[in-house]
Amino acid sequence: MAIKPLKLLLLIIIYSMLLPAKAQEVPTKGENLKCLITFGKNGDPSWGDDDFSQTFFFFIPLNQKLPIYIRVYDPDIAADFDEFNGAPDTKVKFSVYGGKEAYSNLDARALSPTGKYQSGVLLASKTFGNEKDYNLKWYTFGPFNPTEGELSNELGGYVFKVIAEGQGGNDGNNYKYFLSSKLNDNIAIEGGNAFTYEYSFRMQDEPGSVAHIYPFADSKVASININNFDFDNDGFIKIYSVKKNGHDISQSGNNNWAKSNVIITTEEKNKSLDVQLVKSGNAINDMVFYITNQYNVPVPFFTVPLGGVPKYQYSIKITPNVSQK
C-alpha cells in the first residue's frame, strides 16, 4: 500500500528558517560523519557500498530569488581523501537535475538506482577520475535559478537532485556537498536544507566517536524498519526520540544487512528521530543506512533534524504524601 508524498510544508517552512548555516553542509558537523562515499561500479560491496550510487536532494525556499550553487568537496579520486583498491582507476559522475519529476517521481526516492531515478531535467554533470585537479578542493555546479528546481507544494519550495554514480573502477570516492549562495565560497542559503533516502557514508576514524543521522517520522508513520549494511559490528547502534532513550538497533556485520522494527508512538509523529552509531574500533568503516515505514515507503534523513535534535521527555511520577492522623 502506497501513501502520498510527505506533507511537510509547514514543518519545512518553520524549521528550515531556524536552521543554522551549517545546515547547508553535507554531512553536517552535528551528524559527525567523516564524509559521503560512492564506489566505482566494479567495487566490492563488502567495502561498504551496496549499489555504487547515491542521491541527495536540496531544498530551496520560495523566497530565495538569487542564484544558488551546489558545491562538491574533493570530487576526484586522488591521494588524500579517498579509498584506493589497488591502482586508482575509478570514475564517478555527479549530475544535477531539476524540473518536473526531479523529486516527485517515486523512482527518484527509491532505494536502488533503477527505473526513472534520473528523472527531471539534467542541468549539469561532470565525471571525475584521478586527475587530482580538485584534490581537497571544491568544484561548483551552477549558477542555477531556484525556479530551475522542481516546485514541490508538499515541501513548500524548489528541489534539486544530485546523483553521484560510480562509472567504473573499484575505488571509493569520498566527498562532501555544500548548498551555497556563492560561486567560490560556502555561504549558506537561509531556509535551505538537504535530505536523502539512502545514506552512504564513512564514519569517523576515532574509537568512541558517535555519529548521528536524523530520520523524520511524519503523521502517517506507525512503525519503521531500520536497515543498515556493512557496519562490521563496529560498536553499537541506538535510537533516541522524545519517547525512546537509547533503544538498541540490530547492527550488521561485514557485507550483510541487519534490520530492526521500531514502533512509532503518537508523541513521535511529525518529529525527527536520532539514530546514533557508536564506533568501537579504529578501522575505516563505510556503510549504508535506510529506513522504511510500515508501507515499505522510504523515510527521509534530513541533514539537520527538523525541529532540532529530539530530547527524551522524562516522565516523573509524583506520589502524594497523605499524612496519617
# chains A, B, ... in the order shown; residues from 1 in each chain; ligands from 1

$ closest_atom_pairs --of "stretch 197-241 of chain A" --to "stretch 174-182 of chain A" --cutoff "12 Å" --atoms "only C-alpha atoms" --output "Markdown table"
| residue | atom | partner | partner_atom | distance |
| --- | --- | --- | --- | --- |
| A:Ser200 | CA | A:Asn174 | CA | 10.2 |
| A:Phe201 | CA | A:Asn174 | CA | 8.4 |
| A:Arg202 | CA | A:Asn174 | CA | 8.1 |
| A:Met203 | CA | A:Asn174 | CA | 11.4 |

$ select_by_dssp --residues "stretch 21-256 of chain A" --states "helix (DSSP H, G or I)" --output "list of chain:residue names"
A:Ala21, A:Lys22, A:Ala23, A:Gln24, A:Pro45, A:Ser46, A:Trp47, A:Leu106, A:Asp107, A:Ala108, A:Arg109, A:Pro146, A:Thr147, A:Glu148

$ write_last_selection --atoms "C-alpha atoms" --output "PDB file, in the first residue's frame"
ATOM      1  CA  ALA A  21      24.213  27.951   8.498  1.00  0.00           C
ATOM      2  CA  LYS A  22      25.851  24.546   8.891  1.00  0.00           C
ATOM      3  CA  ALA A  23      22.588  23.017   7.639  1.00  0.00           C
ATOM      4  CA  GLN A  24      23.908  23.660   4.129  1.00  0.00           C
ATOM      5  CA  PRO A  45      30.063  -4.343  -1.706  1.00  0.00           C
ATOM      6  CA  SER A  46      31.970  -5.693   1.295  1.00  0.00           C
ATOM      7  CA  TRP A  47      33.866  -2.386   1.295  1.00  0.00           C
ATOM      8  CA  LEU A 106       8.897   7.785  -6.925  1.00  0.00           C
ATOM      9  CA  ASP A 107      11.904   6.140  -8.603  1.00  0.00           C
ATOM     10  CA  ALA A 108      13.976   9.193  -7.645  1.00  0.00           C
ATOM     11  CA  ARG A 109      13.308   8.397  -3.976  1.00  0.00           C
ATOM     12  CA  PRO A 146      15.971  28.493  -7.859  1.00  0.00           C
ATOM     13  CA  THR A 147      12.974  28.016 -10.160  1.00  0.00           C
ATOM     14  CA  GLU A 148      15.023  25.522 -12.204  1.00  0.00           C
TER      15      GLU A 148
END

$ residues_around --residues "A:Thr292" --least-positions-apart "4" --cutoff "10 Å" --atoms "only C-alpha atoms" --output "VMD selection string"
chain A and resid 111 197 215 221 223 to 227 261 296 to 300

$ write_last_selection --atoms "N, CA and C atoms" --output "compact mmCIF listing (two decimals), in the first residue's frame"
# COMPACT_ATOMS: atom_id res chain seq x y z
N LEU A 111 15.20 3.09 -3.24
CA LEU A 111 16.40 2.69 -2.52
C LEU A 111 17.46 2.07 -3.43
N TYR A 197 17.31 9.52 1.06
CA TYR A 197 16.52 8.37 1.50
C TYR A 197 17.38 7.13 1.72
N PRO A 215 16.31 10.60 10.81
CA PRO A 215 15.10 10.34 10.04
C PRO A 215 13.93 11.16 10.58
N VAL A 221 3.33 7.70 9.85
CA VAL A 221 4.25 6.62 10.22
C VAL A 221 3.80 5.98 11.53
N SER A 223 5.16 2.63 12.23
CA SER A 223 6.35 1.85 12.58
C SER A 223 7.39 2.04 11.49
N ILE A 224 8.63 1.77 11.83
CA ILE A 224 9.71 1.89 10.86
C ILE A 224 10.58 0.65 10.90
N ASN A 225 11.16 0.32 9.76
CA ASN A 225 12.17 -0.72 9.65
C ASN A 225 13.52 -0.04 9.41
N ILE A 226 14.43 -0.20 10.34
CA ILE A 226 15.75 0.42 10.26
C ILE A 226 16.71 -0.59 9.68
N ASN A 227 17.28 -0.27 8.52
CA ASN A 227 18.17 -1.17 7.80
C ASN A 227 19.57 -0.59 7.71
N ASN A 261 12.70 -3.53 13.61
CA ASN A 261 11.38 -2.88 13.53
C ASN A 261 11.15 -2.08 14.81
N ASN A 296 6.41 0.21 3.56
CA ASN A 296 7.65 -0.01 2.81
C ASN A 296 8.02 1.21 1.97
N VAL A 297 7.59 2.39 2.40
CA VAL A 297 7.94 3.65 1.74
C VAL A 297 9.16 4.23 2.43
N PRO A 298 10.20 4.62 1.69
CA PRO A 298 11.40 5.18 2.31
C PRO A 298 11.11 6.44 3.12
N VAL A 299 11.81 6.57 4.23
CA VAL A 299 11.69 7.70 5.14
C VAL A 299 12.92 8.59 4.94
N PRO A 300 12.74 9.93 4.87
CA PRO A 300 13.88 10.80 4.59
C PRO A 300 14.75 11.05 5.81

$ select_by_dssp --residues "stretch 60-295 of chain A" --states "strand (DSSP E or B)" --output "number ranges by chain"
A: 60-61, 68-73, 83, 91-98, 121-128, 138-144, 150-152, 157-168, 172-180, 188, 193-196, 198-203, 210-213, 215-217, 223-229, 235-240, 245-249, 257-263, 271-272, 274-279, 286-293

$ residues_around --residues "stretch 216-219 of chain A" --least-positions-apart "2" --cutoff "8 Å" --atoms "only C-alpha atoms" --output "VMD selection string"
chain A and resid 6 to 8 214 221 264 268 to 273 299 to 302 305 to 306

$ closest_atom_pairs --of "stretch 6-123 of chain A" --to "stretch 274-290 of chain A" --cutoff "12 Å" --atoms "only C-alpha atoms" --output "CSV"
residue,atom,partner,partner_atom,distance
A:Gly30,CA,A:Asp274,CA,11.2
A:Glu31,CA,A:Gln276,CA,9.1
A:Asn32,CA,A:Leu277,CA,10.0
A:Leu33,CA,A:Leu277,CA,9.9
A:Lys34,CA,A:Asp286,CA,9.7
A:Cys35,CA,A:Asp286,CA,9.5
A:Leu36,CA,A:Asp286,CA,8.9
A:Ile37,CA,A:Asp286,CA,7.4
A:Thr38,CA,A:Asp286,CA,9.6
A:Phe39,CA,A:Asp286,CA,10.3
A:Asp44,CA,A:Asp286,CA,11.9
A:Pro45,CA,A:Met287,CA,9.5
A:Ser46,CA,A:Met287,CA,9.2
A:Trp47,CA,A:Asp286,CA,6.7
A:Gly48,CA,A:Met287,CA,4.5
A:Asp49,CA,A:Met287,CA,6.3
A:Asp50,CA,A:Val288,CA,7.2
A:Asp51,CA,A:Val288,CA,9.6
A:Phe52,CA,A:Val288,CA,10.6
A:Ser53,CA,A:Val288,CA,11.0
A:Gln54,CA,A:Val288,CA,10.0
A:Asp82,CA,A:Ile284,CA,11.2
A:Glu83,CA,A:Ile284,CA,9.4
A:Arg109,CA,A:Tyr290,CA,11.3
A:Ala110,CA,A:Tyr290,CA,10.4
A:Leu111,CA,A:Tyr290,CA,7.8
A:Ser112,CA,A:Tyr290,CA,10.9

$ write_last_selection --atoms "C-alpha atoms" --output "short mmCIF file (atom, residue, chain, number, x, y, z; two decimals), in the first residue's frame"
data_model
loop_
_atom_site.label_atom_id
_atom_site.label_comp_id
_atom_site.auth_asym_id
_atom_site.auth_seq_id
_atom_site.Cartn_x
_atom_site.Cartn_y
_atom_site.Cartn_z
CA GLY A 30 26.27 17.75 14.06
CA GLU A 31 25.99 14.43 12.26
CA ASN A 32 29.68 13.77 12.94
CA LEU A 33 30.18 11.68 9.81
CA LYS A 34 33.53 11.91 8.06
CA CYS A 35 32.12 12.16 4.55
CA LEU A 36 29.85 10.68 1.92
CA ILE A 37 31.19 7.81 -0.16
CA THR A 38 30.44 6.26 -3.54
CA PHE A 39 32.46 3.42 -5.04
CA ASP A 44 33.17 -4.91 -3.87
CA PRO A 45 30.06 -4.34 -1.71
CA SER A 46 31.97 -5.69 1.30
CA TRP A 47 33.87 -2.39 1.29
CA GLY A 48 30.63 -0.63 2.28
CA ASP A 49 28.60 0.42 -0.78
CA ASP A 50 25.68 -1.74 -1.86
CA ASP A 51 24.77 -0.12 -5.21
CA PHE A 52 27.51 2.39 -6.15
CA SER A 53 25.07 5.29 -6.44
CA GLN A 54 23.87 7.98 -4.02
CA ASP A 82 39.74 8.69 -0.93
CA GLU A 83 39.96 4.93 -0.57
CA ARG A 109 13.31 8.40 -3.98
CA ALA A 110 13.69 4.64 -4.30
CA LEU A 111 16.40 2.69 -2.52
CA SER A 112 18.10 1.41 -5.69
#
